[in-house]
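Below is coords.tsv, which holds TSV, C-alpha atoms.
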chain	number	residue	atom	x	y	z
A	10	MET	CA	8.67	-15.37	1.31
A	11	ASP	CA	5.67	-17.57	1.84
A	12	LEU	CA	4.22	-18.74	-1.45
A	13	LYS	CA	1.24	-20.57	0.01
A	14	LYS	CA	0.22	-17.65	2.20
A	15	GLN	CA	0.50	-15.14	-0.63
A	16	LEU	CA	-1.56	-17.34	-2.93
A	17	LYS	CA	-4.26	-17.71	-0.30
A	18	GLU	CA	-4.29	-13.95	0.23
A	19	GLY	CA	-4.60	-13.31	-3.49
A	20	LEU	CA	-7.36	-15.85	-3.99
A	21	LEU	CA	-9.48	-15.28	-0.91
A	22	THR	CA	-8.53	-13.34	2.20
A	23	GLN	CA	-7.05	-10.36	0.34
A	24	ASN	CA	-8.73	-10.92	-3.01
A	25	PRO	CA	-8.29	-7.69	-5.00
A	26	VAL	CA	-11.89	-7.56	-6.25
A	27	LEU	CA	-13.99	-9.31	-3.62
A	28	VAL	CA	-12.24	-8.04	-0.49
A	29	GLN	CA	-10.10	-5.03	-1.39
A	30	LEU	CA	-12.80	-3.83	-3.81
A	31	LEU	CA	-10.29	-2.57	-6.37
A	32	GLY	CA	-10.45	-2.58	-10.13
A	33	MET	CA	-14.24	-2.45	-10.33
A	34	CYS	CA	-14.57	-0.83	-13.74
A	35	SER	CA	-12.98	-3.57	-15.78
A	36	THR	CA	-14.50	-6.28	-13.59
A	37	LEU	CA	-18.00	-5.06	-14.28
A	38	ALA	CA	-17.54	-4.02	-17.86
A	39	ILE	CA	-15.83	-6.86	-19.66
A	40	THR	CA	-17.15	-9.96	-17.90
A	41	THR	CA	-19.75	-10.74	-20.54
A	42	SER	CA	-18.06	-13.86	-21.90
A	43	LEU	CA	-15.42	-16.32	-20.74
A	44	PHE	CA	-13.16	-15.24	-23.63
A	45	ASN	CA	-13.18	-11.59	-22.51
A	46	GLY	CA	-12.85	-12.37	-18.81
A	47	LEU	CA	-9.95	-14.77	-19.26
A	48	GLY	CA	-8.19	-12.46	-21.73
A	49	MET	CA	-8.48	-9.46	-19.44
A	50	GLY	CA	-7.39	-11.50	-16.43
A	51	VAL	CA	-4.26	-12.80	-18.16
A	52	ALA	CA	-3.40	-9.34	-19.51
A	53	VAL	CA	-3.72	-7.73	-16.07
A	54	THR	CA	-1.77	-10.55	-14.39
A	55	ALA	CA	1.10	-10.14	-16.87
A	56	ILE	CA	1.18	-6.36	-16.47
A	57	LEU	CA	0.87	-6.56	-12.69
A	58	THR	CA	3.73	-9.05	-12.39
A	59	CYS	CA	6.03	-7.10	-14.74
A	60	SER	CA	5.30	-3.72	-13.17
A	61	ASN	CA	5.76	-5.17	-9.68
A	62	ILE	CA	9.19	-6.51	-10.70
A	63	VAL	CA	10.34	-3.26	-12.28
A	64	ILE	CA	9.01	-1.06	-9.48
A	65	SER	CA	10.61	-3.32	-6.90
A	66	LEU	CA	13.93	-3.06	-8.76
A	67	LEU	CA	13.65	0.72	-8.84
A	68	ARG	CA	12.29	1.15	-5.33
A	69	LYS	CA	15.54	2.65	-4.01
A	70	VAL	CA	16.07	4.90	-7.03
A	71	ILE	CA	12.65	6.55	-7.29
A	72	PRO	CA	12.37	9.68	-5.10
A	73	ASP	CA	9.49	9.52	-2.70
A	74	LYS	CA	7.78	12.69	-3.91
A	75	ILE	CA	7.27	11.67	-7.52
A	76	ARG	CA	6.78	7.95	-6.91
A	77	ILE	CA	3.14	7.81	-8.05
A	78	ALA	CA	3.99	9.49	-11.35
A	79	ALA	CA	6.95	7.15	-11.81
A	80	TYR	CA	4.78	4.09	-11.09
A	81	ILE	CA	2.18	5.25	-13.59
A	82	VAL	CA	4.80	5.66	-16.32
A	83	VAL	CA	6.15	2.14	-15.70
A	84	ILE	CA	2.62	0.69	-15.75
A	85	ALA	CA	1.64	2.67	-18.86
A	86	GLY	CA	4.72	1.30	-20.62
A	87	PHE	CA	3.70	-2.30	-19.96
A	88	VAL	CA	0.08	-1.59	-20.87
A	89	THR	CA	1.24	-0.21	-24.23
A	90	ILE	CA	3.29	-3.36	-24.85
A	91	VAL	CA	0.31	-5.61	-24.06
A	92	ASP	CA	-2.01	-3.42	-26.14
A	93	LEU	CA	0.25	-3.70	-29.20
A	94	LEU	CA	0.77	-7.46	-28.70
A	95	LEU	CA	-2.99	-8.07	-28.47
A	96	GLN	CA	-3.66	-6.00	-31.56
A	97	ALA	CA	-1.02	-7.95	-33.45
A	98	TYR	CA	-1.83	-11.51	-32.39
A	99	VAL	CA	-5.30	-11.70	-30.77
A	100	GLN	CA	-7.25	-9.12	-32.68
A	101	GLU	CA	-10.74	-10.31	-31.71
A	102	LEU	CA	-9.85	-9.91	-28.04
A	103	ALA	CA	-8.40	-6.45	-28.64
A	104	GLU	CA	-11.61	-5.43	-30.38
A	105	SER	CA	-13.99	-6.77	-27.77
A	106	LEU	CA	-12.05	-5.32	-24.83
A	107	GLY	CA	-11.71	-2.02	-26.68
A	108	VAL	CA	-11.13	1.02	-24.50
A	109	PHE	CA	-10.58	-1.15	-21.42
A	110	ILE	CA	-7.08	-2.18	-22.52
A	111	PRO	CA	-5.58	1.33	-22.26
A	112	LEU	CA	-7.64	1.76	-19.10
A	113	ILE	CA	-5.61	-0.98	-17.37
A	114	VAL	CA	-3.22	1.91	-16.61
A	115	VAL	CA	-5.69	3.32	-14.10
A	116	ASN	CA	-6.74	-0.06	-12.74
A	117	CYS	CA	-6.36	0.54	-9.01
A	118	ILE	CA	-5.15	-3.03	-8.40
A	119	ILE	CA	-1.87	-2.41	-10.22
A	120	LEU	CA	-1.12	0.98	-8.68
A	121	GLY	CA	-2.35	-0.33	-5.34
A	122	ARG	CA	0.07	-3.28	-5.32
A	123	ALA	CA	2.93	-1.05	-6.50
A	124	GLU	CA	2.34	1.33	-3.62
A	125	ALA	CA	1.43	-1.23	-0.95
A	126	PHE	CA	3.80	-4.09	-1.78
A	127	ALA	CA	6.37	-3.67	-4.56
A	128	SER	CA	7.76	-0.40	-3.21
A	129	LYS	CA	8.66	-2.10	0.08
A	130	ASN	CA	9.61	-5.69	-0.78
A	131	SER	CA	12.28	-7.64	-2.64
A	132	VAL	CA	12.03	-8.38	-6.35
A	133	ALA	CA	11.17	-12.07	-5.96
A	134	ALA	CA	8.50	-11.44	-3.33
A	135	SER	CA	6.99	-8.67	-5.48
A	136	ALA	CA	6.87	-10.92	-8.52
A	137	VAL	CA	5.09	-13.63	-6.54
A	138	ASP	CA	2.72	-11.04	-5.07
A	139	GLY	CA	1.87	-9.71	-8.53
A	140	LEU	CA	1.26	-13.22	-9.82
A	141	CYS	CA	-0.95	-14.21	-6.86
A	142	GLN	CA	-3.02	-11.03	-6.87
A	143	GLY	CA	-3.35	-11.35	-10.65
A	144	ILE	CA	-4.57	-14.93	-10.31
A	145	GLY	CA	-7.09	-13.83	-7.67
A	146	TYR	CA	-8.35	-11.14	-10.05
A	147	THR	CA	-8.49	-13.58	-12.98
A	148	VAL	CA	-10.46	-16.15	-10.98
A	149	VAL	CA	-13.12	-13.58	-10.07
A	150	LEU	CA	-13.33	-12.40	-13.67
A	151	VAL	CA	-13.70	-15.98	-14.92
A	152	VAL	CA	-16.39	-16.83	-12.37
A	153	MET	CA	-18.35	-13.69	-13.20
A	154	SER	CA	-17.92	-14.25	-16.93
A	155	VAL	CA	-19.14	-17.83	-16.77
A	156	ILE	CA	-22.22	-16.84	-14.75
A	157	ARG	CA	-23.08	-13.87	-16.97
A	158	GLU	CA	-22.40	-15.71	-20.21
A	159	PHE	CA	-24.58	-18.63	-19.12
A	160	LEU	CA	-27.50	-16.53	-17.89
A	161	GLY	CA	-27.18	-13.78	-20.49
A	162	CYS	CA	-26.39	-15.67	-23.68
A	163	GLY	CA	-26.92	-19.31	-22.74
A	164	THR	CA	-23.47	-20.30	-23.97
A	165	PHE	CA	-20.17	-21.39	-22.44
A	166	GLY	CA	-16.82	-20.30	-23.83
A	167	ALA	CA	-18.02	-18.62	-27.03
A	168	GLY	CA	-14.97	-17.36	-28.89
A	169	ILE	CA	-12.43	-19.88	-27.62
A	170	LEU	CA	-13.91	-23.33	-26.98
A	171	ASN	CA	-15.36	-25.72	-29.55
A	172	GLY	CA	-13.70	-24.01	-32.50
A	173	GLY	CA	-14.85	-20.52	-31.50
A	174	LYS	CA	-18.54	-21.38	-31.37
A	175	GLY	CA	-18.64	-22.30	-27.70
A	176	TYR	CA	-21.14	-24.73	-26.21
A	177	VAL	CA	-24.80	-23.78	-26.38
A	178	LEU	CA	-26.34	-24.72	-23.04
A	179	LEU	CA	-29.68	-22.94	-23.19
A	180	GLY	CA	-32.10	-22.63	-26.08
A	181	SER	CA	-32.32	-19.16	-27.55
A	182	GLN	CA	-35.67	-18.45	-25.87
A	183	TYR	CA	-34.32	-18.83	-22.30
A	184	PRO	CA	-31.35	-16.46	-21.75
A	185	ALA	CA	-32.09	-13.15	-19.99
A	186	SER	CA	-30.00	-10.74	-22.04
A	187	LEU	CA	-30.36	-8.30	-19.15
A	188	ILE	CA	-27.63	-10.18	-17.30
A	189	ALA	CA	-25.16	-9.48	-20.11
A	190	GLN	CA	-26.06	-5.78	-19.82
A	191	PRO	CA	-24.53	-3.41	-17.22
A	192	VAL	CA	-27.38	-4.23	-14.80
A	193	GLY	CA	-26.29	-7.86	-14.66
A	194	GLY	CA	-22.70	-6.82	-13.92
A	195	PHE	CA	-23.70	-4.85	-10.84
A	196	LEU	CA	-26.08	-7.55	-9.61
A	197	THR	CA	-23.64	-10.44	-10.15
A	198	LEU	CA	-20.76	-8.68	-8.41
A	199	GLY	CA	-23.01	-7.56	-5.55
A	200	ILE	CA	-24.16	-11.09	-4.94
A	201	LEU	CA	-20.61	-12.50	-5.25
A	202	ILE	CA	-19.28	-10.03	-2.66
A	203	ALA	CA	-22.21	-10.82	-0.35
A	204	LEU	CA	-21.33	-14.50	-0.74
A	205	THR	CA	-17.68	-13.81	0.16
A	206	GLN	CA	-18.73	-11.87	3.25
A	207	TRP	CA	-20.99	-14.74	4.22
A	208	LEU	CA	-18.22	-17.30	3.68
A	209	MET	CA	-15.66	-15.33	5.69
A	210	ARG	CA	-18.07	-14.53	8.51
A	211	PRO	CA	-17.08	-17.32	10.95
A	212	ALA	CA	-13.38	-16.52	10.58
A	213	LYS	CA	-14.08	-12.89	11.30
A	214	LYS	CA	-16.00	-13.59	14.47
A	215	LYS	CA	-13.17	-15.77	15.76
A	216	GLU	CA	-10.73	-12.91	15.34
A	217	GLY	CA	-13.23	-10.64	17.02
A	218	SER	CA	-12.93	-8.06	14.26
A	219	ARG	CA	-15.64	-5.73	13.00
A	220	ASP	CA	-18.59	-7.11	11.05
A	221	GLY	CA	-18.81	-6.49	7.33
A	222	LEU	CA	-16.15	-4.84	5.30
A	223	ARG	CA	-17.07	-1.19	5.01
B	24	MET	CA	-20.67	24.64	-36.29
B	25	ASP	CA	-23.21	21.89	-36.03
B	26	PHE	CA	-25.38	22.35	-32.97
B	27	GLY	CA	-27.41	19.24	-33.76
B	28	LYS	CA	-24.38	17.00	-33.42
B	29	LEU	CA	-23.23	18.73	-30.24
B	30	PHE	CA	-26.72	18.23	-28.78
B	31	THR	CA	-26.66	14.53	-29.70
B	32	ILE	CA	-23.24	14.13	-28.11
B	33	SER	CA	-24.38	15.89	-24.93
B	34	LEU	CA	-27.57	13.90	-24.56
B	35	GLY	CA	-25.68	10.69	-25.26
B	36	ALA	CA	-22.97	11.44	-22.71
B	37	ILE	CA	-25.40	12.45	-19.95
B	38	LEU	CA	-28.19	9.89	-20.35
B	39	VAL	CA	-28.06	7.31	-23.12
B	40	ASN	CA	-24.40	6.33	-22.74
B	41	ASN	CA	-23.90	7.48	-19.18
B	42	PHE	CA	-20.26	7.06	-18.18
B	43	ILE	CA	-20.95	5.20	-14.95
B	44	LEU	CA	-24.07	3.16	-15.47
B	45	VAL	CA	-23.73	2.24	-19.13
B	46	GLN	CA	-20.03	2.44	-19.98
B	47	PHE	CA	-18.67	1.39	-16.57
B	48	LEU	CA	-16.13	4.18	-16.38
B	49	GLY	CA	-15.31	5.75	-13.03
B	50	ILE	CA	-16.80	3.04	-10.84
B	51	CYS	CA	-14.12	3.40	-8.13
B	52	PRO	CA	-14.98	6.98	-7.09
B	53	PHE	CA	-18.65	6.20	-7.76
B	54	MET	CA	-18.52	3.49	-5.09
B	55	GLY	CA	-15.90	5.07	-2.85
B	56	VAL	CA	-17.05	8.68	-2.54
B	57	SER	CA	-20.82	8.27	-2.58
B	58	LYS	CA	-21.60	7.84	1.09
B	59	LYS	CA	-22.46	11.49	1.66
B	60	MET	CA	-24.30	13.87	-0.59
B	61	ASP	CA	-21.95	16.87	-0.34
B	62	THR	CA	-18.71	14.96	-0.91
B	63	ALA	CA	-20.34	13.18	-3.84
B	64	ALA	CA	-21.33	16.51	-5.35
B	65	GLY	CA	-17.80	17.87	-4.78
B	66	MET	CA	-16.30	14.87	-6.53
B	67	GLY	CA	-18.78	15.21	-9.37
B	68	PHE	CA	-17.89	18.86	-9.99
B	69	ALA	CA	-14.16	18.16	-9.76
B	70	VAL	CA	-14.44	15.31	-12.26
B	71	THR	CA	-16.54	17.41	-14.66
B	72	PHE	CA	-13.93	20.16	-14.54
B	73	VAL	CA	-10.97	17.85	-15.09
B	74	MET	CA	-12.76	15.86	-17.81
B	75	GLY	CA	-13.45	19.05	-19.77
B	76	LEU	CA	-9.84	20.22	-19.42
B	77	ALA	CA	-8.40	16.78	-20.14
B	78	SER	CA	-10.48	16.46	-23.32
B	79	ALA	CA	-9.10	19.77	-24.59
B	80	PHE	CA	-5.47	19.02	-23.73
B	81	THR	CA	-5.40	15.40	-24.85
B	82	TRP	CA	-6.96	16.47	-28.17
B	83	LEU	CA	-4.03	18.85	-28.70
B	84	VAL	CA	-1.50	16.23	-27.57
B	85	ASN	CA	-3.05	13.71	-29.94
B	86	GLN	CA	-2.58	16.12	-32.86
B	87	ILE	CA	1.13	16.28	-32.01
B	88	LEU	CA	1.35	12.49	-31.69
B	89	VAL	CA	-0.33	12.02	-35.07
B	90	LEU	CA	1.97	14.62	-36.64
B	91	TRP	CA	5.06	12.75	-35.45
B	92	GLU	CA	3.50	9.32	-36.09
B	93	LEU	CA	3.76	8.37	-32.44
B	94	GLU	CA	0.20	7.09	-31.99
B	95	TYR	CA	1.42	4.03	-30.11
B	96	MET	CA	2.55	6.32	-27.29
B	97	GLN	CA	-1.05	7.44	-26.79
B	98	THR	CA	-1.67	5.73	-23.44
B	99	VAL	CA	1.59	6.90	-21.87
B	100	ALA	CA	1.20	10.45	-23.19
B	101	PHE	CA	-2.42	10.77	-22.10
B	102	ILE	CA	-1.90	9.54	-18.56
B	103	LEU	CA	1.05	11.90	-18.13
B	104	VAL	CA	-0.98	14.83	-19.45
B	105	ILE	CA	-3.83	13.97	-17.08
B	106	ALA	CA	-1.52	13.58	-14.07
B	107	ALA	CA	0.17	16.90	-14.83
B	108	LEU	CA	-3.19	18.56	-15.42
B	109	VAL	CA	-4.61	17.38	-12.11
B	110	GLN	CA	-1.49	18.61	-10.35
B	111	LEU	CA	-1.76	22.01	-12.10
B	112	VAL	CA	-5.44	22.36	-11.29
B	113	GLU	CA	-4.67	21.52	-7.69
B	114	MET	CA	-1.92	24.15	-7.47
B	115	PHE	CA	-4.02	26.75	-9.27
B	116	LEU	CA	-7.05	26.23	-7.06
B	117	GLN	CA	-4.94	26.27	-3.92
B	118	LYS	CA	-3.54	29.69	-4.85
B	119	SER	CA	-6.50	31.46	-6.41
B	120	VAL	CA	-9.72	29.76	-5.25
B	121	PRO	CA	-8.88	28.38	-1.81
B	122	ALA	CA	-12.56	27.90	-0.93
B	123	LEU	CA	-13.11	25.50	-3.81
B	124	TYR	CA	-9.79	23.81	-3.08
B	125	ASP	CA	-10.83	23.11	0.48
B	126	ALA	CA	-14.21	21.83	-0.65
B	127	LEU	CA	-12.66	19.34	-3.09
B	128	GLY	CA	-9.86	18.40	-0.72
B	129	VAL	CA	-8.50	14.91	-1.16
B	130	TYR	CA	-10.64	14.16	-4.20
B	131	LEU	CA	-8.50	16.18	-6.58
B	132	PRO	CA	-5.40	13.93	-6.62
B	133	LEU	CA	-7.66	10.87	-6.80
B	134	ILE	CA	-9.00	12.03	-10.14
B	135	THR	CA	-5.73	11.03	-11.86
B	136	THR	CA	-6.67	7.39	-11.45
B	137	ASN	CA	-10.31	7.87	-12.39
B	138	CYS	CA	-10.89	5.80	-15.48
B	139	ALA	CA	-13.58	8.18	-16.70
B	140	VAL	CA	-10.92	10.82	-17.37
B	141	LEU	CA	-8.53	8.60	-19.32
B	142	GLY	CA	-11.58	6.94	-20.86
B	143	VAL	CA	-12.95	10.18	-22.27
B	144	ALA	CA	-9.53	11.00	-23.74
B	145	VAL	CA	-9.28	7.63	-25.49
B	146	LEU	CA	-12.93	7.69	-26.63
B	147	ASN	CA	-12.47	11.16	-28.14
B	148	VAL	CA	-9.71	9.78	-30.34
B	149	GLN	CA	-11.68	6.62	-31.19
B	150	ASN	CA	-14.78	8.60	-32.16
B	151	GLU	CA	-12.64	11.05	-34.18
B	152	TYR	CA	-14.23	14.07	-32.53
B	153	THR	CA	-13.18	17.61	-33.44
B	154	PHE	CA	-11.78	19.90	-30.76
B	155	LEU	CA	-15.16	21.41	-29.88
B	156	GLU	CA	-16.92	18.03	-29.91
B	157	SER	CA	-14.22	16.58	-27.63
B	158	VAL	CA	-14.61	19.37	-25.09
B	159	VAL	CA	-18.41	19.09	-25.16
B	160	TYR	CA	-18.19	15.31	-24.77
B	161	GLY	CA	-15.81	15.71	-21.83
B	162	ILE	CA	-17.93	18.26	-19.99
B	163	THR	CA	-21.27	16.55	-20.59
B	164	GLY	CA	-19.77	13.19	-19.70
B	165	GLY	CA	-18.69	14.78	-16.42
B	166	LEU	CA	-22.19	16.17	-15.92
B	167	GLY	CA	-23.62	12.69	-16.41
B	168	PHE	CA	-21.15	11.44	-13.80
B	169	LEU	CA	-22.26	14.24	-11.44
B	170	LEU	CA	-25.94	13.43	-11.96
B	171	VAL	CA	-25.54	9.74	-11.24
B	172	ILE	CA	-23.18	10.08	-8.27
B	173	VAL	CA	-25.49	12.63	-6.59
B	174	LEU	CA	-28.55	10.43	-7.16
B	175	PHE	CA	-26.67	7.41	-5.87
B	176	ALA	CA	-25.38	9.25	-2.79
B	177	SER	CA	-28.88	10.36	-1.86
B	178	ILE	CA	-30.11	6.78	-2.13
B	179	ARG	CA	-27.17	5.52	-0.08
B	180	GLU	CA	-27.86	8.00	2.70
B	181	ARG	CA	-31.26	6.41	3.08
B	182	LEU	CA	-29.84	2.93	2.69
B	183	GLU	CA	-28.01	3.47	5.98
B	184	PHE	CA	-31.33	3.06	7.75
B	185	ALA	CA	-32.40	0.01	5.79
B	186	ASP	CA	-32.02	-3.46	7.21
B	187	PRO	CA	-30.64	-5.86	4.57
B	188	PRO	CA	-29.45	-9.39	5.40
B	189	GLU	CA	-26.18	-9.37	7.33
B	190	CYS	CA	-23.93	-10.46	4.47
B	191	PHE	CA	-25.40	-7.86	2.10
B	192	LYS	CA	-24.58	-4.95	4.41
B	193	GLY	CA	-22.35	-2.22	3.06
B	194	PHE	CA	-20.86	-2.77	-0.33
B	195	PRO	CA	-23.02	-5.56	-1.85
B	196	ILE	CA	-26.32	-3.78	-1.28
B	197	ALA	CA	-24.80	-0.61	-2.77
B	198	LEU	CA	-23.80	-2.56	-5.87
B	199	ILE	CA	-27.29	-3.98	-6.20
B	200	THR	CA	-28.74	-0.48	-5.83
B	201	ALA	CA	-26.41	0.66	-8.60
B	202	GLY	CA	-27.67	-2.26	-10.68
B	203	LEU	CA	-31.26	-1.11	-10.27
B	204	MET	CA	-30.22	2.42	-11.25
B	205	ALA	CA	-28.55	1.00	-14.36
B	206	LEU	CA	-31.82	-0.74	-15.12
B	207	ALA	CA	-33.62	2.60	-14.94
B	208	PHE	CA	-31.03	4.23	-17.18
B	209	MET	CA	-31.51	1.49	-19.77
B	210	GLY	CA	-34.84	3.16	-20.42
B	211	PHE	CA	-32.97	6.07	-21.99
B	212	SER	CA	-31.48	3.83	-24.65
B	213	GLY	CA	-34.81	4.16	-26.43
B	214	LEU	CA	-34.19	7.87	-26.94
B	215	ASN	CA	-33.62	8.56	-30.60
B	216	VAL	CA	-32.23	11.98	-31.31
B	217	PRO	CA	-32.45	13.16	-34.90
B	218	VAL	CA	-28.97	14.26	-35.95

Mind turning this structure into structure tokens?
Amino acid sequence: MDLKKQLKEGLLTQNPVLVQLLGMCSTLAITTSLFNGLGMGVAVTAILTCSNIVISLLRKVIPDKIRIAAYIVVIAGFVTIVDLLLQAYVQELAESLGVFIPLIVVNCIILGRAEAFASKNSVAASAVDGLCQGIGYTVVLVVMSVIREFLGCGTFGAGILNGGKGYVLLGSQYPASLIAQPVGGFLTLGILIALTQWLMRPAKKKEGSRDGLR
Amino acid sequence: MDFGKLFTISLGAILVNNFILVQFLGICPFMGVSKKMDTAAGMGFAVTFVMGLASAFTWLVNQILVLWELEYMQTVAFILVIAALVQLVEMFLQKSVPALYDALGVYLPLITTNCAVLGVAVLNVQNEYTFLESVVYGITGGLGFLLVIVLFASIRERLEFADPPECFKGFPIALITAGLMALAFMGFSGLNVPV
């Protein structure tokens, strides 16, 4: 088990959003403020780590034919727990994430890691993998949230920092509210992925692999 | 029966609150299966079909959950219903309409993890729709999905011949195209339908 390698994979070379292109819906939809992005990232990381542990524990018990259904039930169980916890203790977050909390069940990152990693590896390695992939996902969400919140609302950390008010960085006449709209989500993510491809380009040429990702 | 409300729901689901471009539901198949026109259309029809069925069944399941005060099991129950439903539809099509089954191919099982399907089930409960309204919302939501994925696929077919900067090739330029489509769909938010 190689902690450093797994962390690097989660953050950059195998980043779930930027490289594997999984979990697009939530990435695009909820990254309108740092509060939402961070909340969603932490929720997904917790669920991903827990479900990876449980699925890894059960990997010899679950019959091959019904494994996807079994994985989904495990994941749905954890999502329900997180949903109830958020509603009880962090109600503003539960309200602003709305329908996207139950939709974590069908977030391809979680099912993808269950199928690709947890069903084949030991419990400890699966836990670390879940944590690293979750951190990679959270970092992308936070970066996108900060960009979109700054350009779209002109604030930083509204909802959590500075007693819930956040820091106002731009006067109210400057922000382009378009960026906080769906359009901005697509554009920001498109540019971020282009940036990743540009950053990873020299490494790719050295390996002599194909250009681009898809 | 209130046709006005059904019409408002339909128009909302197809244009004003389009599942893909406004509500961000079902982005994975939207990005993954939109390289060719015919596969995109196949996926769109399959999703429409399953969304209509899922709306009907999850509405019934929700009534049972409410009756037994088990609302907190909603997510688990819904995803199981959808997974079973997709499996049933797959088996049914394979036996009785093999032509359609072949056309949809691998896209059928993928629909289980399409967030538009689970999304429509959860939204039906949140909006407190009646049975008929739920089914209409499901089907028209699916039609909106079909419309956008077909439009997007036809743009992407032409995008193949475009020459964007190296690092924008493939996925990023597709996302930016989708962003411009979302911009166009924002125009529909001005539509005011009298209820």

Contacts of B:Asn85 at 8 Å or less, counting only C-alpha atoms, minus same-chain residues fewer than 5 places along, as a ChimeraX atom specification?
-> /B:94,97,148

List every protein, DNA or RNA residue that has at least one atom no more than 12 Å from (-14.8, 18.9, -12.6) in the file's coordinates, counting all atoms listed in the file, and write the result as a PyMOL selection string.
-> chain B and resi 63-78+108-109+112-113+123-124+127+130-131+134+137+139-140+161-169

Taking only C-alpha atoms into account, which residues of chain A are within 8 Å of chain B, as a VMD selection string?
-> chain A and resid 31 to 35 37 to 38 78 81 to 82 85 to 86 88 to 89 93 108 111 to 112 114 to 117 191 to 196 198 to 200 202 to 204 206 to 207 221 to 223

What is the atom CA of B:Trp82-atom CA of A:Glu101 distance in Å, reported with one decimal?
->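 So the answer is 27.3 Å.
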
So how many Å separate atom CA of A:Ile84 and atom CA of B:Thr81, to one decimal?
->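 Atom CA of A:Ile84 sits 19.1 Å away from atom CA of B:Thr81.
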
Rank nothing, just name the residue among A:Phe44, A:Tyr98, A:Phe109, A:Tyr146 nearest to A:Glu18, using all atoms listed in the file.
->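 Counting all atoms listed in the file, the residue closest to A:Glu18 is A:Tyr146.
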
Interatomic distance (Å, one decimal) between atom CA of A:Ile144 and atom CA of A:Pro25 |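 Atom CA of A:Pro25 lies 9.7 Å from atom CA of A:Ile144.
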
What residues have an atom no more than 7 Å from (-16.2, -12.6, -18.8) in the file's own frame, counting all atoms listed in the file, and can you write them as number ranges by chain?
-> A: 39-47, 150-151, 153-155

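With all atoms listed in the file as the atoms that count, the minimum distance from B:Val104 to the choices B:Leu83, B:Gly27, B:Trp91, B:Lys118 is reached by B:Leu83.
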